[in-house]
$ cat structure_38.cif   # mmCIF, C-alpha atoms; chains and numbers go by the auth columns
data_entry
loop_
_atom_site.group_PDB
_atom_site.id
_atom_site.type_symbol
_atom_site.label_atom_id
_atom_site.label_comp_id
_atom_site.label_asym_id
_atom_site.label_seq_id
_atom_site.Cartn_x
_atom_site.Cartn_y
_atom_site.Cartn_z
_atom_site.B_iso_or_equiv
_atom_site.auth_seq_id
_atom_site.auth_asym_id
ATOM 1 C CA ARG A 1 0.000 0.000 0.000 0.00 1 A
ATOM 2 C CA ASN A 2 2.853 2.374 0.817 0.00 2 A
ATOM 3 C CA ALA A 3 4.319 1.916 -2.679 0.00 3 A
ATOM 4 C CA ALA A 4 0.944 2.655 -4.310 0.00 4 A
ATOM 5 C CA VAL A 5 0.510 5.810 -2.219 0.00 5 A
ATOM 6 C CA ARG A 6 4.059 6.932 -3.008 0.00 6 A
ATOM 7 C CA THR A 7 3.544 6.365 -6.755 0.00 7 A
ATOM 8 C CA PHE A 8 0.200 8.203 -6.666 0.00 8 A
ATOM 9 C CA THR A 9 1.682 11.208 -4.851 0.00 9 A
ATOM 10 C CA ILE A 10 4.790 11.450 -7.019 0.00 10 A
ATOM 11 C CA LYS A 11 2.632 11.262 -10.162 0.00 11 A
ATOM 12 C CA ALA A 12 0.233 13.933 -8.876 0.00 12 A
ATOM 13 C CA LEU A 13 3.166 16.279 -8.267 0.00 13 A
ATOM 14 C CA ALA A 14 4.784 15.382 -11.604 0.00 14 A
ATOM 15 C CA ASP A 15 1.505 16.185 -13.363 0.00 15 A
ATOM 16 C CA LEU A 16 1.845 19.673 -11.885 0.00 16 A
ATOM 17 C CA GLY A 17 5.404 19.953 -13.197 0.00 17 A
ATOM 18 C CA TYR A 18 7.313 19.138 -10.001 0.00 18 A
ATOM 19 C CA THR A 19 10.083 16.552 -9.738 0.00 19 A
ATOM 20 C CA SER A 20 10.384 14.264 -6.738 0.00 20 A
ATOM 21 C CA THR A 21 13.344 12.135 -5.774 0.00 21 A
ATOM 22 C CA GLU A 22 13.194 8.364 -5.931 0.00 22 A
ATOM 23 C CA SER A 23 12.095 6.944 -2.605 0.00 23 A
ATOM 24 C CA GLN A 24 11.725 3.577 -0.946 0.00 24 A
ATOM 25 C CA GLY A 25 10.487 5.035 2.329 0.00 25 A
ATOM 26 C CA ASN A 26 7.389 6.675 3.695 0.00 26 A
ATOM 27 C CA PHE A 27 8.296 10.166 2.505 0.00 27 A
ATOM 28 C CA ILE A 28 9.353 11.978 -0.659 0.00 28 A
ATOM 29 C CA PHE A 29 11.338 15.094 -1.490 0.00 29 A
ATOM 30 C CA THR A 30 9.869 17.365 -4.138 0.00 30 A
ATOM 31 C CA ASP A 31 11.588 20.309 -5.793 0.00 31 A
ATOM 32 C CA ILE A 32 9.033 23.110 -5.445 0.00 32 A
ATOM 33 C CA GLY A 33 11.617 25.885 -5.590 0.00 33 A
ATOM 34 C CA LYS A 34 10.395 27.301 -8.898 0.00 34 A
ATOM 35 C CA THR A 35 7.191 28.434 -7.185 0.00 35 A
ATOM 36 C CA MET A 36 7.990 29.087 -3.521 0.00 36 A
ATOM 37 C CA THR A 37 10.223 28.071 -0.675 0.00 37 A
ATOM 38 C CA ALA A 38 9.578 24.831 1.170 0.00 38 A
ATOM 39 C CA ALA A 39 8.589 26.875 4.236 0.00 39 A
ATOM 40 C CA ALA A 40 6.008 28.860 2.239 0.00 40 A
ATOM 41 C CA PHE A 41 4.648 25.614 0.782 0.00 41 A
ATOM 42 C CA ARG A 42 4.378 24.073 4.247 0.00 42 A
ATOM 43 C CA GLU A 43 2.595 27.159 5.625 0.00 43 A
ATOM 44 C CA ALA A 44 0.162 27.348 2.683 0.00 44 A
ATOM 45 C CA CYS A 45 -0.690 23.655 3.033 0.00 45 A
ATOM 46 C CA ALA A 46 -1.151 23.991 6.808 0.00 46 A
ATOM 47 C CA ALA A 47 -3.583 26.862 6.238 0.00 47 A
ATOM 48 C CA LYS A 48 -5.666 24.384 4.213 0.00 48 A
ATOM 49 C CA GLY A 49 -5.480 21.633 6.828 0.00 49 A
ATOM 50 C CA VAL A 50 -2.610 19.539 5.432 0.00 50 A
ATOM 51 C CA GLN A 51 0.635 19.183 7.353 0.00 51 A
ATOM 52 C CA VAL A 52 3.835 18.927 5.293 0.00 52 A
ATOM 53 C CA GLY A 53 7.103 17.668 6.766 0.00 53 A
ATOM 54 C CA ARG A 54 9.655 19.735 8.600 0.00 54 A
ATOM 55 C CA ASP A 55 12.673 21.437 7.066 0.00 55 A
ATOM 56 C CA PHE A 56 15.325 18.947 6.063 0.00 56 A
ATOM 57 C CA PRO A 57 18.700 20.727 5.742 0.00 57 A
ATOM 58 C CA PRO A 58 20.556 21.296 3.572 0.00 58 A
ATOM 59 C CA MET A 59 17.652 21.120 1.093 0.00 59 A
ATOM 60 C CA GLU A 60 15.145 23.132 3.119 0.00 60 A
ATOM 61 C CA LYS A 61 14.865 26.119 0.793 0.00 61 A
ATOM 62 C CA GLN A 62 13.885 24.421 -2.454 0.00 62 A
ATOM 63 C CA TRP A 63 12.865 20.878 -1.552 0.00 63 A
ATOM 64 C CA ALA A 64 9.729 19.959 0.415 0.00 64 A
ATOM 65 C CA ARG A 65 9.771 16.770 2.468 0.00 65 A
ATOM 66 C CA THR A 66 6.351 15.149 2.421 0.00 66 A
ATOM 67 C CA SER A 67 5.495 12.234 4.667 0.00 67 A
ATOM 68 C CA LEU A 68 3.081 9.776 3.118 0.00 68 A
ATOM 69 C CA GLY A 69 -0.201 8.792 4.717 0.00 69 A
ATOM 70 C CA THR A 70 -3.034 6.548 3.622 0.00 70 A
ATOM 71 C CA MET A 71 -4.381 6.787 0.080 0.00 71 A
ATOM 72 C CA ALA A 72 -7.371 8.800 1.322 0.00 72 A
ATOM 73 C CA GLU A 73 -5.073 11.208 3.168 0.00 73 A
ATOM 74 C CA MET A 74 -2.827 11.651 0.140 0.00 74 A
ATOM 75 C CA GLN A 75 -5.790 12.192 -2.181 0.00 75 A
ATOM 76 C CA LYS A 76 -6.806 15.076 0.083 0.00 76 A
ATOM 77 C CA ALA A 77 -3.211 16.291 0.316 0.00 77 A
ATOM 78 C CA THR A 78 -2.661 16.291 -3.449 0.00 78 A
ATOM 79 C CA GLU A 79 -5.823 18.369 -3.922 0.00 79 A
ATOM 80 C CA VAL A 80 -4.332 20.903 -1.513 0.00 80 A
ATOM 81 C CA PHE A 81 -0.981 20.694 -3.341 0.00 81 A
ATOM 82 C CA ARG A 82 -2.762 21.428 -6.646 0.00 82 A
ATOM 83 C CA ASN A 83 -4.364 24.494 -5.100 0.00 83 A
ATOM 84 C CA VAL A 84 -1.206 25.760 -3.411 0.00 84 A
ATOM 85 C CA LEU A 85 1.059 25.119 -6.410 0.00 85 A
ATOM 86 C CA LYS A 86 -1.464 26.219 -9.035 0.00 86 A
ATOM 87 C CA PRO A 87 0.469 29.382 -10.020 0.00 87 A
ATOM 88 C CA ALA A 88 3.256 27.163 -11.388 0.00 88 A
ATOM 89 C CA THR A 89 0.873 25.443 -13.788 0.00 89 A
ATOM 90 C CA ASN A 90 -0.449 28.654 -15.382 0.00 90 A
ATOM 91 C CA PRO A 91 2.134 31.444 -14.973 0.00 91 A
ATOM 92 C CA THR A 92 1.342 33.172 -18.293 0.00 92 A
ATOM 93 C CA SER A 93 -2.402 33.583 -17.834 0.00 93 A
ATOM 94 C CA GLY A 94 -3.551 36.613 -19.792 0.00 94 A
ATOM 95 C CA LYS A 95 -0.295 36.870 -21.753 0.00 95 A
ATOM 96 C CA GLY A 96 -0.628 38.575 -25.104 0.00 96 A
ATOM 97 C CA GLN A 97 -3.751 40.537 -24.281 0.00 97 A
#
$ encode --input "structure_38.cif" --output "structure tokens"
Amino acid sequence: RNAAVRTFTIKALADLGYTSTESQGNFIFTDIGKTMTAAAFREACAAKGVQVGRDFPPMEKQWARTSLGTMAEMQKATEVFRNVLKPATNPTSGKGQ
């Protein structure tokens, strides 16, 4: 089950344009630095009821550490991730008008 949840979460983030490291554990690292710092990501997710892992030096600025939960928890979490990271998926909205 952990592998299925990990694959689901990594794919959801990849679909948004974010790369995660390979993992065999119950957490992943995702490079969200093109949109915000890991701390800003964590705070934005917390404001929407989803807790994201602590800073993990030396990658704490650009890489978010996300602990994996159950499939239901990660389905909720990835919806929050989509909302929080949405600016990265449509940065040129209105361009050319």
$ atom_distance --input "structure_38.cif" --atom1 "atom CA of Ser23 of chain A" --atom2 "atom CA of Ala64 of chain A"
13.6 Å
$ closest_residue --input "structure_38.cif" --among "A:Ala12, A:Ala3, A:Ala46, A:Ala40" --to "Gln62 of chain A" --atoms "all atoms listed in the file"
A:Ala40
$ resolve_selection --input "structure_38.cif" --expression "the PyMOL selection byres ((chain A and resi 25) around 12)" --output "MDAnalysis selection string"
chainID A and resid 1:7 21:24 26:29 65:69
$ resolve_selection --input "structure_38.cif" --expression "the PyMOL selection byres ((chain A and resi 39) around 12)" --output "PyMOL selection string"
chain A and resi 32-33+35-38+40-46+51-57+59-65
$ resolve_selection --input "structure_38.cif" --expression "the PyMOL selection byres ((chain A and resi 75-81) around 7)" --output "ChimeraX atom specification"
/A:9,12,45,48,50,71-74,82-85
$ axis_aligned_box --input "structure_38.cif" --around "segment 39-55 of chain A" --padding-each-side "4 Å" --output "AutoDock Vina command-line options"
--center_x 3.5 --center_y 23.3 --center_z 4.7 --size_x 26.3 --size_y 19.2 --size_z 15.8
